[in-house]
>>> print(open('run_32.txt').read())   # compact mmCIF, C-alpha atoms
# COMPACT_ATOMS: atom_id res chain seq x y z
CA MET A 1 19.04 45.76 1.84
CA LYS A 2 18.22 42.06 2.20
CA SER A 3 18.02 39.99 5.37
CA ASN A 4 16.40 36.88 6.88
CA LYS A 5 13.70 38.11 9.19
CA LEU A 6 10.57 37.07 11.13
CA LYS A 7 7.47 38.77 9.77
CA LEU A 8 4.50 39.90 11.89
CA ILE A 9 1.24 40.88 10.19
CA LEU A 10 -1.64 42.36 12.20
CA THR A 11 -4.96 42.93 10.43
CA PHE A 12 -7.97 44.75 11.93
CA SER A 13 -11.02 44.87 9.66
CA VAL A 14 -13.90 47.32 9.58
CA VAL A 15 -16.19 44.78 11.26
CA GLY A 16 -13.92 44.48 14.28
CA ILE A 17 -12.00 41.28 13.50
CA LEU A 18 -8.45 41.03 14.79
CA LYS A 19 -6.27 38.42 13.06
CA ILE A 20 -2.71 37.51 13.99
CA CYS A 21 -1.21 35.60 11.09
CA ALA A 22 1.62 33.10 11.27
CA VAL A 23 5.15 34.59 11.45
CA SER A 24 7.48 33.18 8.82
CA ALA A 25 11.14 33.74 7.89
CA GLN A 26 12.03 34.93 4.39
CA THR A 27 14.49 37.10 2.48
CA GLU A 28 13.14 40.45 1.33
CA THR A 29 14.41 43.91 0.39
CA PHE A 30 13.74 46.58 3.04
CA PRO A 31 12.44 49.75 1.42
CA THR A 32 12.22 53.04 3.20
CA ILE A 33 9.15 53.00 5.47
CA TYR A 34 8.13 56.64 5.12
CA THR A 35 8.21 59.02 2.16
CA SER A 36 7.78 62.13 4.30
CA ASN A 37 6.16 63.16 7.56
CA GLY A 38 5.68 59.55 8.55
CA VAL A 39 3.22 58.71 5.75
CA LEU A 40 3.39 55.27 4.15
CA ASN A 41 3.26 55.27 0.37
CA SER A 42 2.85 51.47 0.13
CA ASN A 43 2.68 48.30 2.23
CA ARG A 44 5.85 47.72 4.25
CA THR A 45 7.38 44.71 5.97
CA ILE A 46 9.64 45.08 9.00
CA GLY A 47 12.34 42.45 9.51
CA VAL A 48 13.38 42.03 13.15
CA ASN A 49 16.17 39.45 12.65
CA GLU A 50 15.03 37.54 15.75
CA LYS A 51 15.23 40.76 17.76
CA THR A 52 12.48 42.45 19.72
CA ILE A 53 10.25 45.46 19.11
CA ASN A 54 9.15 47.35 22.21
CA PHE A 55 6.79 50.35 22.31
CA GLN A 56 6.52 51.71 25.84
CA GLY A 57 4.28 54.34 27.41
CA ASN A 58 2.88 54.99 30.88
CA ASN A 59 2.76 51.58 32.55
CA ASN A 60 2.03 49.81 29.29
CA ALA A 61 3.93 48.23 26.46
CA PHE A 62 3.51 46.80 22.98
CA PHE A 63 6.19 44.15 22.75
CA PHE A 64 7.04 41.70 19.97
CA ASN A 65 9.68 39.01 20.32
CA GLY A 66 11.05 38.18 16.87
CA ALA A 67 12.79 35.03 18.10
CA THR A 68 9.65 33.41 19.52
CA GLY A 69 6.95 35.16 17.52
CA ARG A 70 5.17 36.17 20.75
CA LEU A 71 3.27 39.43 21.15
CA GLY A 72 2.70 41.07 24.53
CA LEU A 73 0.48 43.97 25.57
CA GLY A 74 1.45 45.27 28.99
CA THR A 75 4.29 42.76 29.30
CA ILE A 76 7.74 42.31 27.76
CA ASN A 77 7.77 38.61 28.66
CA PRO A 78 4.79 37.04 26.85
CA ILE A 79 4.56 33.31 27.58
CA SER A 80 2.10 32.61 24.77
CA THR A 81 1.62 33.74 21.19
CA PHE A 82 -0.52 36.67 22.38
CA GLN A 83 -0.69 37.81 26.02
CA ILE A 84 -2.39 40.76 27.71
CA HIS A 85 -1.19 41.72 31.18
CA SER A 86 -2.04 44.44 33.68
CA ASN A 87 -1.21 44.93 37.34
CA SER A 88 -4.74 46.14 37.96
CA PHE A 89 -7.47 45.19 35.51
CA ALA A 90 -6.96 43.66 32.09
CA ASP A 91 -9.54 42.94 29.47
CA PHE A 92 -9.83 42.31 25.76
CA ARG A 93 -12.62 44.14 24.03
CA ILE A 94 -13.82 44.22 20.44
CA SER A 95 -16.68 46.53 19.53
CA GLY A 96 -18.45 47.40 16.33
CA MET A 97 -21.40 46.36 14.23
CA LEU A 98 -20.45 42.68 14.00
CA PRO A 99 -17.65 41.90 16.50
CA HIS A 100 -16.19 38.38 16.23
CA ILE A 101 -13.35 36.33 17.64
CA VAL A 102 -12.27 33.32 15.59
CA PHE A 103 -10.03 30.55 16.95
CA SER A 104 -8.75 28.18 14.31
CA ASN A 105 -5.63 26.50 12.95
CA ALA A 106 -6.74 27.60 9.47
CA GLU A 107 -5.69 31.11 8.43
CA ASN A 108 -8.82 31.72 6.37
CA GLN A 109 -11.38 30.26 8.79
CA PRO A 110 -14.84 31.78 8.06
CA ARG A 111 -16.21 33.72 11.00
CA GLY A 112 -19.76 32.29 10.76
CA LYS A 113 -22.79 34.13 12.05
CA PHE A 114 -22.22 33.94 15.81
CA ASN A 115 -19.83 35.72 18.15
CA THR A 116 -17.24 33.16 19.20
CA ILE A 117 -16.20 30.22 17.04
CA ILE A 118 -13.83 27.46 18.13
CA GLY A 119 -12.93 24.67 15.74
CA LEU A 120 -12.21 23.85 12.14
CA SER A 121 -15.64 23.46 10.61
CA THR A 122 -17.22 26.20 8.56
CA SER A 123 -20.33 25.67 10.69
CA ASP A 124 -20.60 27.44 14.04
CA ASN A 125 -19.28 25.28 16.87
CA PHE A 126 -19.55 27.60 19.87
CA PHE A 127 -21.37 30.85 20.44
CA ILE A 128 -22.64 33.16 23.16
CA LYS A 129 -25.86 35.03 22.70
CA ASP A 130 -28.38 37.17 24.59
CA ALA A 131 -25.87 39.24 26.51
CA VAL A 132 -28.62 41.01 28.48
CA ALA A 133 -29.87 37.81 30.09
CA GLY A 134 -26.39 36.28 30.28
CA GLN A 135 -27.43 33.17 28.42
CA LEU A 136 -24.73 30.77 27.31
CA SER A 137 -25.60 28.76 24.23
CA ILE A 138 -23.42 26.01 22.79
CA LYS A 139 -23.94 24.79 19.26
CA THR A 140 -22.02 21.91 17.75
CA GLY A 141 -21.53 20.91 14.18
CA VAL A 142 -23.75 18.39 12.42
CA MET A 143 -24.27 15.29 14.64
CA ALA A 144 -21.50 16.39 17.04
CA ASP A 145 -21.60 15.85 20.83
CA VAL A 146 -20.50 18.03 23.74
CA ALA A 147 -18.38 16.14 26.30
CA PHE A 148 -17.20 17.18 29.78
CA GLY A 149 -14.45 15.39 31.66
CA SER A 150 -11.79 15.60 34.33
CA VAL A 151 -8.18 16.44 33.50
CA ILE A 152 -5.15 15.26 35.44
CA ASN A 153 -2.89 17.89 33.87
CA GLU A 154 -3.16 20.26 30.94
CA ASN A 155 -1.11 18.02 28.62
CA ASP A 156 -3.17 14.85 29.05
CA GLY A 157 -6.54 15.97 27.75
CA PHE A 158 -9.54 14.06 29.16
CA ALA A 159 -8.46 11.54 31.78
CA THR A 160 -12.09 10.53 32.43
CA GLU A 161 -15.22 11.56 30.58
CA LEU A 162 -17.92 12.46 33.12
CA MET A 163 -20.83 13.80 31.08
CA ARG A 164 -21.87 13.85 27.44
CA LEU A 165 -24.63 15.79 25.72
CA LYS A 166 -25.46 13.98 22.49
CA TYR A 167 -26.37 15.75 19.27
CA ASN A 168 -29.89 14.25 19.60
CA GLY A 169 -30.50 15.99 22.95
CA ARG A 170 -29.76 13.02 25.22
CA LEU A 171 -27.65 13.63 28.34
CA GLY A 172 -25.44 10.88 29.76
CA LEU A 173 -23.65 10.79 33.13
CA GLY A 174 -21.05 8.04 33.23
CA THR A 175 -21.87 6.97 29.69
CA ASN A 176 -21.08 8.36 26.26
CA ASN A 177 -24.11 6.64 24.71
CA PRO A 178 -27.23 7.69 26.66
CA GLN A 179 -30.31 5.66 25.78
CA ASP A 180 -32.86 8.30 26.72
CA LYS A 181 -33.17 12.02 27.52
CA PHE A 182 -31.31 11.46 30.83
CA HIS A 183 -29.15 8.39 31.40
CA ILE A 184 -27.04 7.67 34.53
CA HIS A 185 -24.60 4.75 34.43
CA ASN A 186 -22.99 3.32 37.60
CA GLY A 187 -24.43 6.04 39.81
CA GLY A 188 -27.54 7.36 41.51
CA ILE A 189 -29.48 10.48 42.43
CA VAL A 190 -29.37 11.97 45.94
CA VAL A 191 -31.87 14.63 46.99
CA THR A 192 -31.20 16.23 50.40
CA GLY A 193 -32.42 19.17 52.43
CA ASN A 194 -35.70 20.25 53.97
CA ASN A 195 -38.71 20.20 51.65
CA SER A 196 -36.67 18.47 48.93
CA ASN A 197 -38.69 16.50 46.42
CA LEU A 198 -38.07 14.53 43.28
CA ARG A 199 -40.94 15.24 40.90
CA ILE A 200 -41.45 13.19 37.77
CA GLN A 201 -44.35 13.86 35.45
CA GLY A 202 -44.76 10.63 33.55
CA ASN A 203 -43.92 6.97 34.04
CA VAL A 204 -41.13 5.69 36.29
CA LEU A 205 -39.58 2.37 35.27
CA ILE A 206 -37.19 0.46 37.53
CA GLY A 207 -35.50 -2.68 36.27
CA GLN A 208 -37.28 -2.78 32.92
CA GLY A 209 -37.16 -1.08 29.57
CA ASP A 210 -40.60 0.16 28.53
CA ALA A 211 -43.84 0.86 30.36
CA PRO A 212 -46.46 -1.81 29.52
CA THR A 213 -50.02 -0.78 28.75
CA ASN A 214 -51.59 -4.23 28.81
CA VAL A 215 -50.80 -7.40 30.80
CA ASN A 216 -52.59 -10.45 29.41
CA GLY A 217 -55.77 -8.49 28.80
CA ALA A 218 -55.58 -6.26 31.87
CA ASP A 219 -55.30 -2.53 31.18
CA VAL A 220 -52.32 -1.12 33.11
CA SER A 221 -51.91 2.13 31.16
CA LYS A 222 -53.09 4.21 34.13
CA TYR A 223 -50.13 3.19 36.31
CA GLY A 224 -47.10 5.46 36.72
CA LEU A 225 -44.56 3.24 38.54
CA PHE A 226 -43.26 -0.03 37.09
CA VAL A 227 -40.81 -2.09 39.15
CA LYS A 228 -39.25 -5.38 38.12
CA GLY A 229 -37.79 -7.50 40.91
CA GLY A 230 -39.92 -6.45 43.88
CA VAL A 231 -40.41 -3.55 46.27
CA LEU A 232 -39.23 -3.52 49.89
CA THR A 233 -40.71 -0.87 52.13
CA GLU A 234 -41.83 -0.38 55.72
CA GLN A 235 -45.30 0.97 55.01
CA VAL A 236 -47.70 1.30 52.11
CA ARG A 237 -50.78 3.55 52.20
CA ILE A 238 -53.38 3.30 49.46
CA SER A 239 -55.73 6.23 48.99
CA GLY A 240 -58.80 6.69 46.87
CA VAL A 241 -60.22 3.17 47.34
CA ALA A 242 -63.88 3.52 46.36
CA ASN A 243 -66.85 1.36 47.44
CA TRP A 244 -65.31 -0.12 50.57
CA ALA A 245 -66.86 -3.40 51.75
CA ASP A 246 -69.19 -1.90 54.37
CA TYR A 247 -71.97 -2.41 51.83
CA VAL A 248 -72.12 -5.98 53.19
CA PHE A 249 -73.80 -4.69 56.34
CA LYS A 250 -76.57 -2.86 54.50
CA ASN A 251 -80.08 -4.33 54.68
CA ASP A 252 -80.35 -4.72 50.92
CA TYR A 253 -77.14 -6.77 50.61
CA LYS A 254 -77.83 -10.21 49.19
CA LEU A 255 -75.80 -12.54 51.39
CA LYS A 256 -75.48 -15.94 49.80
CA SER A 257 -76.42 -18.95 51.86
CA LEU A 258 -73.64 -21.34 52.84
CA GLU A 259 -75.19 -23.91 50.51
CA GLU A 260 -74.89 -21.42 47.60
CA VAL A 261 -71.30 -20.69 48.53
CA GLU A 262 -70.49 -24.41 48.63
CA THR A 263 -72.04 -24.96 45.21
CA PHE A 264 -70.04 -22.04 43.73
CA ILE A 265 -66.78 -23.36 45.21
CA ASN A 266 -67.38 -26.87 43.89
CA LYS A 267 -68.01 -25.46 40.41
CA ASN A 268 -65.33 -22.71 40.16
CA GLY A 269 -62.64 -23.61 42.68
CA HIS A 270 -62.64 -20.21 44.43
CA LEU A 271 -64.93 -17.95 46.48
CA PRO A 272 -67.57 -15.80 44.81
CA ASN A 273 -66.34 -12.35 43.74
CA VAL A 274 -62.69 -13.42 44.26
CA PRO A 275 -60.27 -13.66 41.30
CA SER A 276 -59.11 -17.14 40.39
CA ALA A 277 -55.53 -18.33 40.73
CA LYS A 278 -55.19 -18.34 36.93
CA GLN A 279 -56.38 -14.75 36.65
CA VAL A 280 -54.01 -13.57 39.40
CA SER A 281 -51.09 -15.42 37.82
CA GLU A 282 -51.68 -13.92 34.39
CA GLN A 283 -52.89 -10.40 35.15
CA GLY A 284 -51.81 -9.74 38.72
CA ILE A 285 -53.98 -8.01 41.28
CA GLU A 286 -54.60 -4.48 42.45
CA ILE A 287 -53.83 -4.10 46.14
CA GLY A 288 -56.75 -1.77 46.70
CA ASP A 289 -59.23 -4.13 45.02
CA ILE A 290 -57.97 -7.30 46.71
CA SER A 291 -58.02 -5.54 50.08
CA ARG A 292 -61.67 -4.57 49.51
CA ILE A 293 -62.54 -8.10 48.38
CA GLN A 294 -60.89 -9.67 51.40
CA GLN A 295 -62.70 -7.20 53.67
CA GLU A 296 -65.94 -8.19 51.95
CA LYS A 297 -65.32 -11.85 52.79
CA ILE A 298 -64.40 -10.99 56.38
CA GLU A 299 -67.66 -9.06 56.80
CA GLU A 300 -69.65 -11.86 55.17
CA LEU A 301 -68.02 -14.35 57.58
CA THR A 302 -69.00 -12.05 60.43
CA LEU A 303 -72.65 -12.15 59.31
CA TYR A 304 -72.49 -15.95 58.99
CA ILE A 305 -71.11 -16.21 62.54
CA ILE A 306 -73.80 -13.87 63.87
CA ASN A 307 -76.51 -15.93 62.17
CA GLN A 308 -74.95 -19.15 63.47
CA GLU A 309 -74.84 -17.65 66.97
CA LYS A 310 -78.55 -16.84 66.77
CA ARG A 311 -79.36 -20.38 65.67
CA ILE A 312 -77.23 -21.87 68.44
CA LYS A 313 -78.97 -19.76 71.08
CA ALA A 314 -82.40 -20.70 69.70
CA LEU A 315 -81.48 -24.40 69.79
CA GLU A 316 -80.13 -24.06 73.33
CA ALA A 317 -83.42 -22.46 74.45
CA LYS A 318 -85.43 -25.33 72.95
CA LEU A 319 -83.10 -27.86 74.54
CA ASN A 320 -83.49 -26.25 77.98
CA GLU A 321 -87.32 -26.44 77.68
CA LEU A 322 -87.12 -30.15 76.81
CA VAL A 323 -84.87 -30.87 79.77
CA LYS A 324 -87.29 -29.25 82.29
>>> encode(input="run_32.txt", output="structure tokens")
Amino acid sequence: MKSNKLKLILTFSVVGILKICAVSAQTETFPTIYTSNGVLNSNRTIGVNEKTINFQGNNNAFFFNGATGRLGLGTINPISTFQIHSNSFADFRISGMLPHIVFSNAENQPRGKFNTIIGLSTSDNFFIKDAVAGQLSIKTGVMADVAFGSVINENDGFATELMRLKYNGRLGLGTNNPQDKFHIHNGGIVVTGNNSNLRIQGNVLIGQGDAPTNVNGADVSKYGLFVKGGVLTEQVRISGVANWADYVFKNDYKLKSLEEVETFINKNGHLPNVPSAKQVSEQGIEIGDISRIQQEKIEELTLYIINQEKRIKALEAKLNELVK
């Protein structure tokens, strides 16, 4: 007997691999399936002539639609190539020494060394490991990225790419070409809630590319925050300022005379122990240091005023004696 038919081949290997091969139409002679007592004496092919095969039991079914090539377990109306349905709980389980599920448009796709493979490459593109801890691991092919995006409907694919993990370990939000380990484009970071903190161990750069270590001879490698364009804030507190200017009031402090100060100014164009305009322009200033220096000058001025006050009172006393 010969007939055009749709062929279904199911293969289940000893390592627990289930493969559903493509169904194709062909003309073939139908031999008798069984020799006796339902025992096959050779491989057989069943032609369904675009009909259906339905095995039914208690609330379950094994159904194959020859016209569509769809296989259903628990349903006689499969809407995909292979569908499992249950009115209570449905699952799909493969067990054995090396269970694998392979998704591919190639019939002879190698199964690789991990549990779940999606793609065309012979390398492993997706796998799940460490079932005890529930860890999800994703591995791509050589120099391949992992992208996440929003979808308007299932037929459109990615409408907008939202996040990309590059093969080199860089993560981009709003960009498919992150320039560092974490790159946000056209967005920001919001941290809310009680006791919420943003901790960064390392340098923070705002408005510039790399952290400088030297500025015209000044060592700036100890700094952690670099801002280009200015900082606007309501308050700034500086801690750890050593050797505050109260040393000016100690008895062993060598206060220069006003004549010495005048000579220094005429020669250098700035006060003693104060950075010059050129130095500030080229190297900048440390707020803690300049605050201490300015406090030093304020305290020195205070001593000058006190000394001047003493001299004025002494002169007034002499003047009063002359007037008498």
>>> atom_distance(input="run_32.txt", atom1="CA of Glu161 in chain A", atom2="CA of Phe182 in chain A")
16.1 Å
>>> residues_around(input="run_32.txt", residues="range 197-210 of chain A", least_positions_apart="6", cutoff="10 Å", atoms="all atoms listed in the file", output="VMD selection string")
chain A and resid 189 to 191 221 to 230
>>> atom_distance(input="run_32.txt", atom1="CA of Val220 in chain A", atom2="CA of Ala242 in chain A")
18.2 Å
>>> atom_distance(input="run_32.txt", atom1="CA of Met163 in chain A", atom2="CA of Gly193 in chain A")
24.9 Å
>>> closest_atom_pairs(input="run_32.txt", of="range 204-267 of chain A", to="range 306-315 of chain A", cutoff="12 Å", atoms="all atoms listed in the file", output="CSV")
residue,atom,partner,partner_atom,distance
A:Phe249,CA,A:Ile306,CA,11.9
A:Leu255,CA,A:Asn307,CA,11.3
A:Ser257,CA,A:Asn307,CA,10.7
A:Leu258,CA,A:Gln308,CA,10.9
>>> residues_around(input="run_32.txt", residues="Gly174 in chain A", least_positions_apart="3", cutoff="8 Å", atoms="only C-alpha atoms", output="count of residues only")
7
>>> closest_residue(input="run_32.txt", among="A:Leu303, A:Thr45, A:Asp180, A:Ala61", to="Tyr253 in chain A", atoms="all atoms listed in the file")
A:Leu303
>>> residues_around(input="run_32.txt", residues="range 54-58 of chain A", least_positions_apart="2", cutoff="12 Å", atoms="only C-alpha atoms", output="VMD selection string")
chain A and resid 48 51 to 52 60 to 66 70 to 77 86
>>> axis_aligned_box(input="run_32.txt", around="range 201-207 of chain A", padding_each_side="6 Å", output="JSON")
{"center_x": -40.1, "center_y": 5.6, "center_z": 35.5, "size_x": 21.3, "size_y": 28.5, "size_z": 16.0}
>>> decode(input="run_32.txt", residues="range 265-292 of chain A", atoms="N, CA and C atoms", output="PDB file, in the first residue's frame")
ATOM      1  N   ILE A 265      56.305  91.555  51.238  1.00  0.00           N
ATOM      2  CA  ILE A 265      55.297  91.880  50.240  1.00  0.00           C
ATOM      3  C   ILE A 265      55.930  92.583  49.045  1.00  0.00           C
ATOM      4  N   ASN A 266      56.809  93.527  49.319  1.00  0.00           N
ATOM      5  CA  ASN A 266      57.451  94.261  48.224  1.00  0.00           C
ATOM      6  C   ASN A 266      58.281  93.341  47.348  1.00  0.00           C
ATOM      7  N   LYS A 267      58.836  92.278  47.934  1.00  0.00           N
ATOM      8  CA  LYS A 267      59.690  91.369  47.184  1.00  0.00           C
ATOM      9  C   LYS A 267      58.900  90.286  46.448  1.00  0.00           C
ATOM     10  N   ASN A 268      57.833  89.741  47.088  1.00  0.00           N
ATOM     11  CA  ASN A 268      57.137  88.559  46.552  1.00  0.00           C
ATOM     12  C   ASN A 268      55.726  88.832  46.030  1.00  0.00           C
ATOM     13  N   GLY A 269      55.147  89.926  46.413  1.00  0.00           N
ATOM     14  CA  GLY A 269      53.813  90.269  45.906  1.00  0.00           C
ATOM     15  C   GLY A 269      52.676  89.541  46.608  1.00  0.00           C
ATOM     16  N   HIS A 270      52.933  88.915  47.744  1.00  0.00           N
ATOM     17  CA  HIS A 270      51.868  88.274  48.529  1.00  0.00           C
ATOM     18  C   HIS A 270      52.333  88.149  49.974  1.00  0.00           C
ATOM     19  N   LEU A 271      51.422  87.818  50.881  1.00  0.00           N
ATOM     20  CA  LEU A 271      51.737  87.696  52.294  1.00  0.00           C
ATOM     21  C   LEU A 271      52.614  86.476  52.557  1.00  0.00           C
ATOM     22  N   PRO A 272      53.409  86.522  53.639  1.00  0.00           N
ATOM     23  CA  PRO A 272      54.192  85.350  53.998  1.00  0.00           C
ATOM     24  C   PRO A 272      53.292  84.147  54.292  1.00  0.00           C
ATOM     25  N   ASN A 273      53.747  82.978  53.885  1.00  0.00           N
ATOM     26  CA  ASN A 273      53.039  81.712  54.137  1.00  0.00           C
ATOM     27  C   ASN A 273      51.690  81.632  53.427  1.00  0.00           C
ATOM     28  N   VAL A 274      51.495  82.441  52.381  1.00  0.00           N
ATOM     29  CA  VAL A 274      50.269  82.422  51.580  1.00  0.00           C
ATOM     30  C   VAL A 274      50.660  82.086  50.140  1.00  0.00           C
ATOM     31  N   PRO A 275      49.964  81.143  49.493  1.00  0.00           N
ATOM     32  CA  PRO A 275      50.331  80.801  48.109  1.00  0.00           C
ATOM     33  C   PRO A 275      50.136  81.988  47.171  1.00  0.00           C
ATOM     34  N   SER A 276      50.990  82.047  46.156  1.00  0.00           N
ATOM     35  CA  SER A 276      50.914  83.149  45.202  1.00  0.00           C
ATOM     36  C   SER A 276      49.750  82.929  44.234  1.00  0.00           C
ATOM     37  N   ALA A 277      49.409  83.971  43.515  1.00  0.00           N
ATOM     38  CA  ALA A 277      48.340  83.879  42.521  1.00  0.00           C
ATOM     39  C   ALA A 277      48.700  82.880  41.429  1.00  0.00           C
ATOM     40  N   LYS A 278      49.966  82.845  41.039  1.00  0.00           N
ATOM     41  CA  LYS A 278      50.415  81.901  40.012  1.00  0.00           C
ATOM     42  C   LYS A 278      50.260  80.454  40.492  1.00  0.00           C
ATOM     43  N   GLN A 279      50.669  80.202  41.724  1.00  0.00           N
ATOM     44  CA  GLN A 279      50.555  78.854  42.274  1.00  0.00           C
ATOM     45  C   GLN A 279      49.100  78.402  42.373  1.00  0.00           C
ATOM     46  N   VAL A 280      48.222  79.291  42.814  1.00  0.00           N
ATOM     47  CA  VAL A 280      46.804  78.960  42.926  1.00  0.00           C
ATOM     48  C   VAL A 280      46.201  78.699  41.556  1.00  0.00           C
ATOM     49  N   SER A 281      46.598  79.513  40.554  1.00  0.00           N
ATOM     50  CA  SER A 281      46.059  79.351  39.216  1.00  0.00           C
ATOM     51  C   SER A 281      46.468  78.019  38.602  1.00  0.00           C
ATOM     52  N   GLU A 282      47.711  77.603  38.851  1.00  0.00           N
ATOM     53  CA  GLU A 282      48.217  76.394  38.223  1.00  0.00           C
ATOM     54  C   GLU A 282      47.855  75.123  38.981  1.00  0.00           C
ATOM     55  N   GLN A 283      47.907  75.163  40.300  1.00  0.00           N
ATOM     56  CA  GLN A 283      47.751  73.947  41.092  1.00  0.00           C
ATOM     57  C   GLN A 283      46.476  73.906  41.914  1.00  0.00           C
ATOM     58  N   GLY A 284      45.764  75.032  42.002  1.00  0.00           N
ATOM     59  CA  GLY A 284      44.586  75.073  42.847  1.00  0.00           C
ATOM     60  C   GLY A 284      44.955  75.170  44.311  1.00  0.00           C
ATOM     61  N   ILE A 285      43.951  75.093  45.162  1.00  0.00           N
ATOM     62  CA  ILE A 285      44.190  75.193  46.600  1.00  0.00           C
ATOM     63  C   ILE A 285      43.335  74.154  47.318  1.00  0.00           C
ATOM     64  N   GLU A 286      43.825  73.740  48.476  1.00  0.00           N
ATOM     65  CA  GLU A 286      43.036  72.873  49.335  1.00  0.00           C
ATOM     66  C   GLU A 286      42.251  73.752  50.309  1.00  0.00           C
ATOM     67  N   ILE A 287      40.954  73.493  50.398  1.00  0.00           N
ATOM     68  CA  ILE A 287      40.101  74.343  51.231  1.00  0.00           C
ATOM     69  C   ILE A 287      40.545  74.302  52.685  1.00  0.00           C
ATOM     70  N   GLY A 288      40.902  73.110  53.164  1.00  0.00           N
ATOM     71  CA  GLY A 288      41.348  73.012  54.547  1.00  0.00           C
ATOM     72  C   GLY A 288      42.603  73.821  54.804  1.00  0.00           C
ATOM     73  N   ASP A 289      43.584  73.745  53.887  1.00  0.00           N
ATOM     74  CA  ASP A 289      44.831  74.479  54.059  1.00  0.00           C
ATOM     75  C   ASP A 289      44.619  75.985  53.960  1.00  0.00           C
ATOM     76  N   ILE A 290      43.859  76.426  52.967  1.00  0.00           N
ATOM     77  CA  ILE A 290      43.671  77.872  52.803  1.00  0.00           C
ATOM     78  C   ILE A 290      42.860  78.457  53.952  1.00  0.00           C
ATOM     79  N   SER A 291      41.934  77.638  54.501  1.00  0.00           N
ATOM     80  CA  SER A 291      41.187  78.112  55.667  1.00  0.00           C
ATOM     81  C   SER A 291      42.122  78.292  56.861  1.00  0.00           C
ATOM     82  N   ARG A 292      43.055  77.353  57.054  1.00  0.00           N
ATOM     83  CA  ARG A 292      44.021  77.465  58.155  1.00  0.00           C
ATOM     84  C   ARG A 292      44.932  78.674  57.955  1.00  0.00           C
TER      85      ARG A 292
END
